[in-house]
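Novice: Sharing target_21.tsv, TSV, C-alpha atoms:
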```tsv
chain	number	residue	atom	x	y	z
A	1	MET	CA	74.24	58.14	-49.53
A	2	THR	CA	76.39	60.87	-48.01
A	3	MET	CA	75.37	62.38	-44.68
A	4	THR	CA	77.61	64.71	-42.75
A	5	GLU	CA	75.25	65.04	-39.79
A	6	LEU	CA	74.31	61.99	-37.77
A	7	PRO	CA	71.20	61.07	-35.83
A	8	ARG	CA	71.33	61.83	-32.13
A	9	ILE	CA	70.58	59.20	-29.53
A	10	ASP	CA	70.00	60.52	-26.03
A	11	ARG	CA	69.96	57.97	-23.22
A	12	ILE	CA	67.89	58.75	-20.15
A	13	ARG	CA	68.12	56.77	-16.93
A	14	HIS	CA	65.09	56.24	-14.71
A	15	ASP	CA	64.69	55.30	-11.09
A	16	THR	CA	63.32	51.78	-11.17
A	17	ARG	CA	61.06	50.05	-8.74
A	18	ARG	CA	58.35	47.48	-8.73
A	19	ARG	CA	54.82	48.79	-9.09
A	20	THR	CA	51.72	46.78	-8.26
A	21	LEU	CA	48.91	47.78	-10.60
A	22	THR	CA	45.31	46.83	-11.20
A	23	VAL	CA	43.92	45.68	-14.51
A	24	ALA	CA	41.40	48.35	-15.45
A	25	ARG	CA	40.46	46.85	-18.81
A	26	THR	CA	41.38	44.02	-21.18
A	27	GLU	CA	40.72	43.88	-24.90
A	28	ARG	CA	41.27	41.30	-27.61
A	29	LEU	CA	42.77	43.81	-30.01
A	30	THR	CA	43.39	41.28	-32.81
A	31	PRO	CA	43.51	37.47	-32.91
A	32	HIS	CA	47.14	37.53	-31.75
A	33	MET	CA	47.24	40.66	-29.57
A	34	ILE	CA	45.80	41.26	-26.11
A	35	ARG	CA	45.67	44.83	-24.80
A	36	LEU	CA	45.91	45.43	-21.04
A	37	THR	CA	45.19	48.79	-19.45
A	38	LEU	CA	46.83	49.00	-16.02
A	39	ALA	CA	46.07	51.63	-13.39
A	40	GLY	CA	46.67	52.48	-9.76
A	41	PRO	CA	48.46	54.85	-7.37
A	42	ASP	CA	51.76	53.06	-7.96
A	43	LEU	CA	51.94	54.64	-11.41
A	44	GLU	CA	52.90	57.94	-9.80
A	45	GLY	CA	56.35	58.89	-11.07
A	46	PHE	CA	56.24	56.42	-13.98
A	47	HIS	CA	58.07	57.76	-17.01
A	48	SER	CA	58.75	56.39	-20.49
A	49	ALA	CA	60.46	58.70	-22.96
A	50	GLY	CA	61.34	56.31	-25.79
A	51	PHE	CA	58.92	54.57	-28.13
A	52	ASP	CA	60.88	51.32	-27.77
A	53	ASP	CA	61.29	51.38	-23.98
A	54	HIS	CA	60.88	48.13	-22.09
A	55	ILE	CA	59.24	47.28	-18.81
A	56	LYS	CA	59.17	43.94	-17.02
A	57	LEU	CA	55.90	42.13	-16.43
A	58	PHE	CA	56.08	39.75	-13.47
A	59	VAL	CA	53.58	36.91	-13.82
A	60	PRO	CA	53.06	33.62	-11.96
A	61	LYS	CA	54.59	30.48	-13.43
A	62	ASP	CA	54.94	26.96	-11.99
A	63	GLY	CA	54.46	28.14	-8.43
A	64	GLY	CA	57.02	30.89	-8.86
A	65	GLU	CA	57.39	33.99	-10.98
A	66	ALA	CA	58.38	34.69	-14.57
A	67	MET	CA	59.33	38.04	-16.01
A	68	ARG	CA	59.11	39.18	-19.61
A	69	ASP	CA	59.92	42.43	-21.45
A	70	TYR	CA	57.13	44.52	-22.96
A	71	THR	CA	56.83	47.97	-24.51
A	72	PRO	CA	54.75	50.64	-22.77
A	73	ARG	CA	52.33	51.12	-25.68
A	74	ARG	CA	50.79	54.25	-24.23
A	75	PHE	CA	50.73	56.09	-20.91
A	76	GLY	CA	48.31	58.79	-19.85
A	77	PRO	CA	45.29	59.57	-17.69
A	78	GLU	CA	43.68	56.24	-18.64
A	79	GLY	CA	46.69	54.38	-17.23
A	80	LEU	CA	49.47	52.29	-18.72
A	81	VAL	CA	48.60	50.37	-21.88
A	82	VAL	CA	50.56	47.20	-22.66
A	83	ASP	CA	50.00	45.01	-25.72
A	84	VAL	CA	50.83	41.32	-25.27
A	85	VAL	CA	51.35	38.98	-28.24
A	86	ASP	CA	49.20	35.92	-27.67
A	87	HIS	CA	51.25	32.82	-28.37
A	88	PRO	CA	51.22	29.32	-26.83
A	89	GLY	CA	53.51	28.74	-23.87
A	90	GLY	CA	54.35	32.37	-23.15
A	91	PRO	CA	53.86	33.00	-19.42
A	92	ALA	CA	52.77	36.61	-19.90
A	93	ALA	CA	50.44	35.61	-22.74
A	94	ASP	CA	49.00	32.76	-20.65
A	95	TRP	CA	48.29	35.22	-17.83
A	96	ALA	CA	46.89	37.96	-20.06
A	97	ARG	CA	44.58	35.52	-21.85
A	98	THR	CA	42.52	35.00	-18.69
A	99	ALA	CA	43.06	38.38	-16.99
A	100	VAL	CA	39.98	40.37	-16.01
A	101	ALA	CA	39.39	43.82	-14.59
A	102	GLY	CA	40.42	43.92	-10.95
A	103	ASP	CA	43.32	41.48	-11.26
A	104	THR	CA	46.70	42.74	-10.06
A	105	LEU	CA	49.98	42.73	-11.95
A	106	THR	CA	53.47	43.79	-10.95
A	107	ILE	CA	55.74	45.66	-13.35
A	108	GLY	CA	59.28	47.01	-13.16
A	109	GLY	CA	61.05	49.73	-15.09
A	110	PRO	CA	61.73	51.05	-17.57
A	111	ARG	CA	65.36	51.26	-16.47
A	112	GLY	CA	66.08	53.81	-19.17
A	113	SER	CA	64.97	55.37	-22.43
A	114	LYS	CA	66.73	55.77	-25.76
A	115	VAL	CA	65.41	58.86	-27.55
A	116	ILE	CA	66.33	59.06	-31.24
A	117	GLY	CA	66.44	62.48	-32.84
A	118	GLY	CA	68.53	64.75	-35.01
A	119	PRO	CA	68.38	65.44	-38.76
A	120	ILE	CA	66.02	62.59	-39.70
A	121	ASP	CA	63.76	63.30	-42.67
A	122	HIS	CA	62.32	59.80	-43.12
A	123	TRP	CA	61.70	56.96	-40.68
A	124	LEU	CA	61.73	53.32	-41.76
A	125	LEU	CA	60.17	51.05	-39.13
A	126	VAL	CA	60.48	47.31	-39.72
A	127	GLY	CA	59.36	44.56	-37.38
A	128	ASP	CA	57.22	41.57	-36.54
A	129	GLU	CA	54.29	41.32	-34.14
A	130	THR	CA	56.58	41.62	-31.10
A	131	ALA	CA	57.73	45.01	-32.39
A	132	LEU	CA	54.23	46.17	-33.28
A	133	PRO	CA	53.63	47.98	-29.93
A	134	ALA	CA	56.81	50.04	-30.40
A	135	ILE	CA	56.06	50.70	-34.07
A	136	GLY	CA	52.50	51.73	-33.27
A	137	ARG	CA	53.67	54.04	-30.50
A	138	ARG	CA	56.21	55.73	-32.78
A	139	ILE	CA	53.61	56.21	-35.51
A	140	GLU	CA	51.07	57.70	-33.13
A	141	GLU	CA	53.51	59.95	-31.28
A	142	ALA	CA	55.17	61.33	-34.42
A	143	PRO	CA	54.76	65.08	-35.06
A	144	ALA	CA	52.45	66.12	-37.87
A	145	GLY	CA	53.94	65.53	-41.30
A	146	THR	CA	56.68	63.14	-40.17
A	147	ALA	CA	57.51	60.83	-43.09
A	148	ILE	CA	57.23	57.21	-41.93
A	149	THR	CA	57.39	53.98	-43.89
A	150	ALA	CA	56.52	50.85	-41.92
A	151	ILE	CA	56.85	47.17	-42.78
A	152	VAL	CA	55.15	44.88	-40.27
A	153	ALA	CA	54.88	41.09	-40.42
A	154	VAL	CA	51.78	39.55	-38.84
A	155	PRO	CA	50.06	36.17	-39.20
A	156	SER	CA	47.03	37.41	-41.16
A	157	ALA	CA	45.04	40.42	-42.33
A	158	ALA	CA	42.97	40.15	-39.15
A	159	ASP	CA	46.12	41.02	-37.17
A	160	GLU	CA	46.60	44.37	-38.88
A	161	GLN	CA	46.05	47.43	-36.69
A	162	VAL	CA	44.77	50.93	-37.34
A	163	PHE	CA	46.75	53.87	-35.96
A	164	GLU	CA	45.62	57.39	-35.21
A	165	THR	CA	48.42	59.60	-36.46
A	166	LYS	CA	49.25	62.93	-38.04
A	167	ALA	CA	52.37	61.47	-39.65
A	168	ALA	CA	52.70	60.98	-43.40
A	169	LEU	CA	52.46	57.21	-43.08
A	170	SER	CA	52.95	54.48	-45.66
A	171	ILE	CA	52.53	51.00	-44.19
A	172	ARG	CA	53.01	47.57	-45.75
A	173	TRP	CA	51.60	44.57	-43.91
A	174	VAL	CA	53.35	41.28	-44.59
A	175	HIS	CA	51.22	38.19	-43.91
A	176	ARG	CA	53.06	35.04	-42.95
A	177	ASP	CA	52.33	32.18	-40.58
A	178	ALA	CA	53.57	32.68	-37.02
A	179	ALA	CA	55.57	29.48	-37.40
A	180	GLU	CA	57.62	31.26	-40.08
A	181	SER	CA	58.44	34.31	-37.92
A	182	HIS	CA	62.10	33.25	-37.70
A	183	ARG	CA	62.52	33.62	-41.47
A	184	ALA	CA	63.71	36.92	-42.95
A	185	GLU	CA	62.46	36.32	-46.50
A	186	PRO	CA	58.89	37.68	-46.16
A	187	MET	CA	59.99	41.03	-44.74
A	188	MET	CA	63.08	41.12	-46.94
A	189	ALA	CA	60.92	40.99	-50.06
A	190	ALA	CA	58.90	43.97	-48.82
A	191	LEU	CA	62.05	45.83	-47.85
A	192	GLU	CA	63.46	45.54	-51.36
A	193	ALA	CA	60.55	47.61	-52.67
A	194	VAL	CA	61.24	50.50	-50.28
A	195	THR	CA	63.23	53.50	-51.47
A	196	LEU	CA	65.74	55.11	-49.11
A	197	PRO	CA	65.57	58.89	-49.36
A	198	PRO	CA	68.42	60.94	-47.88
A	199	ARG	CA	68.35	61.12	-44.08
A	200	THR	CA	66.43	57.87	-43.66
A	201	PHE	CA	66.70	56.33	-40.22
A	202	ALA	CA	65.85	52.62	-40.03
A	203	TRP	CA	64.58	51.06	-36.80
A	204	ILE	CA	64.28	47.26	-36.92
A	205	ALA	CA	63.10	44.73	-34.34
A	206	ALA	CA	62.22	41.06	-34.79
A	207	GLU	CA	63.80	37.68	-34.12
A	208	ALA	CA	67.54	38.38	-33.72
A	209	GLY	CA	68.64	36.64	-36.90
A	210	VAL	CA	65.87	38.28	-38.92
A	211	ALA	CA	66.62	41.76	-37.56
A	212	ARG	CA	70.32	41.35	-38.30
A	213	ALA	CA	69.68	40.18	-41.87
A	214	LEU	CA	67.36	43.11	-42.57
A	215	ARG	CA	69.80	45.63	-41.12
A	216	ASP	CA	72.70	44.15	-43.09
A	217	ARG	CA	70.69	44.36	-46.30
A	218	LEU	CA	69.98	48.05	-45.73
A	219	VAL	CA	73.68	48.68	-45.17
A	220	GLU	CA	74.45	46.80	-48.41
A	221	ARG	CA	72.02	49.14	-50.15
A	222	GLY	CA	73.97	52.15	-48.92
A	223	LEU	CA	72.27	53.15	-45.67
A	224	PRO	CA	75.07	54.04	-43.24
A	225	ARG	CA	75.22	51.84	-40.16
A	226	GLU	CA	74.94	54.97	-37.98
A	227	TRP	CA	71.49	55.53	-39.49
A	228	THR	CA	70.17	52.19	-38.26
A	229	ALA	CA	69.10	50.67	-34.96
A	230	ALA	CA	68.37	46.95	-34.86
A	231	ALA	CA	67.31	44.75	-31.98
A	232	GLY	CA	66.51	41.08	-31.53
A	233	TYR	CA	63.33	41.17	-29.46
A	234	TRP	CA	63.53	37.38	-29.22
A	235	LEU	CA	65.82	34.50	-30.18
A	236	ARG	CA	64.46	31.37	-31.80
A	237	GLY	CA	64.51	28.44	-29.39
A	238	VAL	CA	65.67	30.47	-26.38
A	239	ALA	CA	63.07	31.56	-23.84
A	240	ASP	CA	63.21	35.06	-22.34
A	241	SER	CA	66.17	36.14	-24.47
A	242	ALA	CA	66.79	39.31	-26.43
A	243	VAL	CA	69.62	41.23	-28.06
A	244	LYS	CA	68.91	44.90	-27.49
A	245	ASP	CA	71.57	46.26	-29.86
A	246	LEU	CA	72.68	44.17	-32.84
```
Take the structure from the file and write it as structure tokens.

Specialist:
Amino acid sequence: MTMTELPRIDRIRHDTRRRTLTVARTERLTPHMIRLTLAGPDLEGFHSAGFDDHIKLFVPKDGGEAMRDYTPRRFGPEGLVVDVVDHPGGPAADWARTAVAGDTLTIGGPRGSKVIGGPIDHWLLVGDETALPAIGRRIEEAPAGTAITAIVAVPSAADEQVFETKAALSIRWVHRDAAESHRAEPMMAALEAVTLPPRTFAWIAAEAGVARALRDRLVERGLPREWTAAAGYWLRGVADSAVKDL
């Protein structure tokens, strides 16, 4: 694949501060995803320009405080929407599981945004349930007619989501047990069936080893490294760890 023009990545810095917000609504979106809608005057000045931005959620843990990274799923008049993967032992998941309207939550960030643009004719979005908020946001924010192929690994058909979008979307759901989320094989098999038209940009996020393996396979198939962005949203066996750029 020969491409003389490259995608453009614009980095935007934001003023960061802690914001104390109120839970306006909670929803069990799927068996493994909890949706929080946060509101309050502290949202004034909040800005998120990139579909894969990250904010910090500060939640109580063992008499202290734990912080975890989450994607701003949506932001508008209704407030700030954050989707939390429900998994055992996660401090943010433990808090979200019992949260009710009126509870307060502190967030921080995002510190910056990475906006991907340029001569991209086809988007390939690949990720697991931790990447699903970013993938869903990209799909829903895409301009009409944007060609998007998505491969998303979730525990079961009940964890699939429906997106409102004007994009030309083709999505493949890969069902595998959450205990197997550190294995690349399920998503790799789906990836092999995807064609790579000229000017395909691949965005990948999953467990660090999985994301790296998927990115490397795309490069082996001829997709230039400059046309990929891969991130380890989590590392197997290491709490609160991520590799933002692999």

Novice: Which stretch 23-57 of chain A residues have any atom within 12 Å of an atom of stretch 216-237 of chain A, and for each, what is the nearest pair of atoms with distance in Å to one decimal, counting all atoms listed in the file, rows sorted by chain and number, as CSV?

Specialist:
```
residue,atom,partner,partner_atom,distance
A:Asp52,CA,A:Ala231,CA,10.1
A:Asp53,CA,A:Tyr233,CA,11.8
A:His54,CA,A:Tyr233,CA,10.4
```

Novice: Which one of A:Thr16, A:Thr26, A:Thr106, A:Ser48 sits closest to A:Glu65 if you count only C-alpha atoms?

Specialist: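 That would be A:Thr106, the residue with the smallest distance to A:Glu65.
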
Novice: Between A:Arg97, A:Arg183, A:Arg138, A:Lys244, which is the closest to A:His32 once you count only C-alpha atoms?

Specialist: A:Arg97

Novice: If you measure from atom CA of A:Ala131 to atom CA of A:Ile204, what distance in Å do you get, rounded to one decimal?

Specialist: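 Interatomic distance here is 8.3 Å.
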
Novice: Which of these, A:Arg25, A:Lys56, A:Arg17, A:Arg73, has the shortest distance to A:Leu43 once you count all atoms listed in the file?

Specialist: A:Arg17

Novice: Separation of atom CA of A:Pro7 and atom CA of A:Ile171, in Å?

Specialist: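 Separation between atom CA of A:Pro7 and atom CA of A:Ile171: 22.8 Å.
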
Novice: Would you compute the distance between atom CA of A:Arg13 and atom CA of A:Thr165? Give it in Å to one decimal.

Specialist: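 Here the two named atoms are 27.9 Å from each other.
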
Novice: Taking all atoms listed in the file into account, name the residue in A:Ala205, A:Arg68, A:Asp121, A:Thr200 that is nearest to A:Ser241.

Specialist: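 Selected residue with least distance to A:Ser241: A:Arg68.
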
Novice: Between A:Leu38, A:Leu125, A:Ala147, A:Ile120, which residue has the minimum interatomic distance to A:Glu5, considering only C-alpha atoms?

Specialist: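 Smallest separation from A:Glu5 among the options: A:Ile120.
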
Novice: Could you check the closest approach to A:Ala99 for each of A:Ala213, A:Ala190, A:Ala24, A:Ala157 and tell me which residue wins, using only C-alpha atoms?

Specialist: A:Ala24

Novice: Pick out the residues sitting within 7 Å of A:Leu21, and hand them over as a list in words; count all atoms listed in the file, and ignore anything fewer than 6 positions along from it in its own chain.

Specialist: Leu38, Ala39, Gly40, Asp42, Thr104, Leu105 and Thr106 of chain A

Novice: Some atoms are missing, so please complete stretch 196-222 of chain A with N, CA and C atoms and return it as a PDB file, keeping the file's coordinate frame.

Specialist:
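Saved as rebuild_39.pdb:
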```pdb
ATOM      1  N   LEU A 196      65.048  54.549 -50.266  1.00  0.00           N
ATOM      2  CA  LEU A 196      65.740  55.110 -49.110  1.00  0.00           C
ATOM      3  C   LEU A 196      66.128  56.548 -49.397  1.00  0.00           C
ATOM      4  N   PRO A 197      65.230  57.488 -49.131  1.00  0.00           N
ATOM      5  CA  PRO A 197      65.570  58.890 -49.360  1.00  0.00           C
ATOM      6  C   PRO A 197      66.724  59.316 -48.451  1.00  0.00           C
ATOM      7  N   PRO A 198      67.389  60.424 -48.784  1.00  0.00           N
ATOM      8  CA  PRO A 198      68.420  60.940 -47.880  1.00  0.00           C
ATOM      9  C   PRO A 198      67.851  61.156 -46.480  1.00  0.00           C
ATOM     10  N   ARG A 199      68.692  60.947 -45.490  1.00  0.00           N
ATOM     11  CA  ARG A 199      68.350  61.120 -44.080  1.00  0.00           C
ATOM     12  C   ARG A 199      67.234  60.172 -43.632  1.00  0.00           C
ATOM     13  N   THR A 200      67.319  58.933 -44.139  1.00  0.00           N
ATOM     14  CA  THR A 200      66.430  57.870 -43.660  1.00  0.00           C
ATOM     15  C   THR A 200      67.053  57.200 -42.451  1.00  0.00           C
ATOM     16  N   PHE A 201      66.266  57.086 -41.389  1.00  0.00           N
ATOM     17  CA  PHE A 201      66.700  56.330 -40.220  1.00  0.00           C
ATOM     18  C   PHE A 201      65.859  55.064 -40.139  1.00  0.00           C
ATOM     19  N   ALA A 202      66.542  53.912 -40.064  1.00  0.00           N
ATOM     20  CA  ALA A 202      65.850  52.620 -40.030  1.00  0.00           C
ATOM     21  C   ALA A 202      65.890  52.048 -38.618  1.00  0.00           C
ATOM     22  N   TRP A 203      64.717  51.738 -38.098  1.00  0.00           N
ATOM     23  CA  TRP A 203      64.580  51.060 -36.800  1.00  0.00           C
ATOM     24  C   TRP A 203      63.978  49.685 -37.080  1.00  0.00           C
ATOM     25  N   ILE A 204      64.653  48.640 -36.590  1.00  0.00           N
ATOM     26  CA  ILE A 204      64.280  47.260 -36.920  1.00  0.00           C
ATOM     27  C   ILE A 204      64.227  46.444 -35.636  1.00  0.00           C
ATOM     28  N   ALA A 205      63.175  45.644 -35.467  1.00  0.00           N
ATOM     29  CA  ALA A 205      63.100  44.730 -34.340  1.00  0.00           C
ATOM     30  C   ALA A 205      62.290  43.499 -34.746  1.00  0.00           C
ATOM     31  N   ALA A 206      62.860  42.333 -34.453  1.00  0.00           N
ATOM     32  CA  ALA A 206      62.220  41.060 -34.790  1.00  0.00           C
ATOM     33  C   ALA A 206      63.041  39.968 -34.116  1.00  0.00           C
ATOM     34  N   GLU A 207      62.887  38.731 -34.567  1.00  0.00           N
ATOM     35  CA  GLU A 207      63.800  37.680 -34.120  1.00  0.00           C
ATOM     36  C   GLU A 207      65.211  38.119 -34.459  1.00  0.00           C
ATOM     37  N   ALA A 208      66.195  37.798 -33.592  1.00  0.00           N
ATOM     38  CA  ALA A 208      67.540  38.380 -33.720  1.00  0.00           C
ATOM     39  C   ALA A 208      68.157  38.143 -35.090  1.00  0.00           C
ATOM     40  N   GLY A 209      68.054  36.929 -35.598  1.00  0.00           N
ATOM     41  CA  GLY A 209      68.640  36.640 -36.900  1.00  0.00           C
ATOM     42  C   GLY A 209      67.947  37.395 -38.022  1.00  0.00           C
ATOM     43  N   VAL A 210      66.636  37.540 -37.913  1.00  0.00           N
ATOM     44  CA  VAL A 210      65.870  38.280 -38.920  1.00  0.00           C
ATOM     45  C   VAL A 210      66.258  39.758 -38.889  1.00  0.00           C
ATOM     46  N   ALA A 211      66.287  40.337 -37.687  1.00  0.00           N
ATOM     47  CA  ALA A 211      66.620  41.760 -37.560  1.00  0.00           C
ATOM     48  C   ALA A 211      68.019  42.041 -38.102  1.00  0.00           C
ATOM     49  N   ARG A 212      68.952  41.153 -37.813  1.00  0.00           N
ATOM     50  CA  ARG A 212      70.320  41.350 -38.300  1.00  0.00           C
ATOM     51  C   ARG A 212      70.380  41.290 -39.823  1.00  0.00           C
ATOM     52  N   ALA A 213      69.676  40.327 -40.409  1.00  0.00           N
ATOM     53  CA  ALA A 213      69.680  40.180 -41.870  1.00  0.00           C
ATOM     54  C   ALA A 213      69.073  41.404 -42.543  1.00  0.00           C
ATOM     55  N   LEU A 214      67.991  41.933 -41.989  1.00  0.00           N
ATOM     56  CA  LEU A 214      67.360  43.110 -42.570  1.00  0.00           C
ATOM     57  C   LEU A 214      68.260  44.334 -42.456  1.00  0.00           C
ATOM     58  N   ARG A 215      68.880  44.504 -41.291  1.00  0.00           N
ATOM     59  CA  ARG A 215      69.800  45.630 -41.120  1.00  0.00           C
ATOM     60  C   ARG A 215      70.982  45.520 -42.086  1.00  0.00           C
ATOM     61  N   ASP A 216      71.544  44.326 -42.204  1.00  0.00           N
ATOM     62  CA  ASP A 216      72.700  44.150 -43.090  1.00  0.00           C
ATOM     63  C   ASP A 216      72.327  44.445 -44.544  1.00  0.00           C
ATOM     64  N   ARG A 217      71.107  44.094 -44.933  1.00  0.00           N
ATOM     65  CA  ARG A 217      70.690  44.360 -46.300  1.00  0.00           C
ATOM     66  C   ARG A 217      70.579  45.857 -46.552  1.00  0.00           C
ATOM     67  N   LEU A 218      70.071  46.598 -45.574  1.00  0.00           N
ATOM     68  CA  LEU A 218      69.980  48.050 -45.730  1.00  0.00           C
ATOM     69  C   LEU A 218      71.367  48.673 -45.842  1.00  0.00           C
ATOM     70  N   VAL A 219      72.308  48.175 -45.079  1.00  0.00           N
ATOM     71  CA  VAL A 219      73.680  48.680 -45.170  1.00  0.00           C
ATOM     72  C   VAL A 219      74.263  48.363 -46.546  1.00  0.00           C
ATOM     73  N   GLU A 220      73.982  47.157 -47.063  1.00  0.00           N
ATOM     74  CA  GLU A 220      74.450  46.800 -48.410  1.00  0.00           C
ATOM     75  C   GLU A 220      73.881  47.759 -49.450  1.00  0.00           C
ATOM     76  N   ARG A 221      72.672  48.234 -49.194  1.00  0.00           N
ATOM     77  CA  ARG A 221      72.020  49.140 -50.150  1.00  0.00           C
ATOM     78  C   ARG A 221      72.496  50.588 -49.991  1.00  0.00           C
ATOM     79  N   GLY A 222      73.376  50.830 -49.041  1.00  0.00           N
ATOM     80  CA  GLY A 222      73.970  52.150 -48.920  1.00  0.00           C
ATOM     81  C   GLY A 222      73.534  52.972 -47.728  1.00  0.00           C
TER      82      GLY A 222
END
```
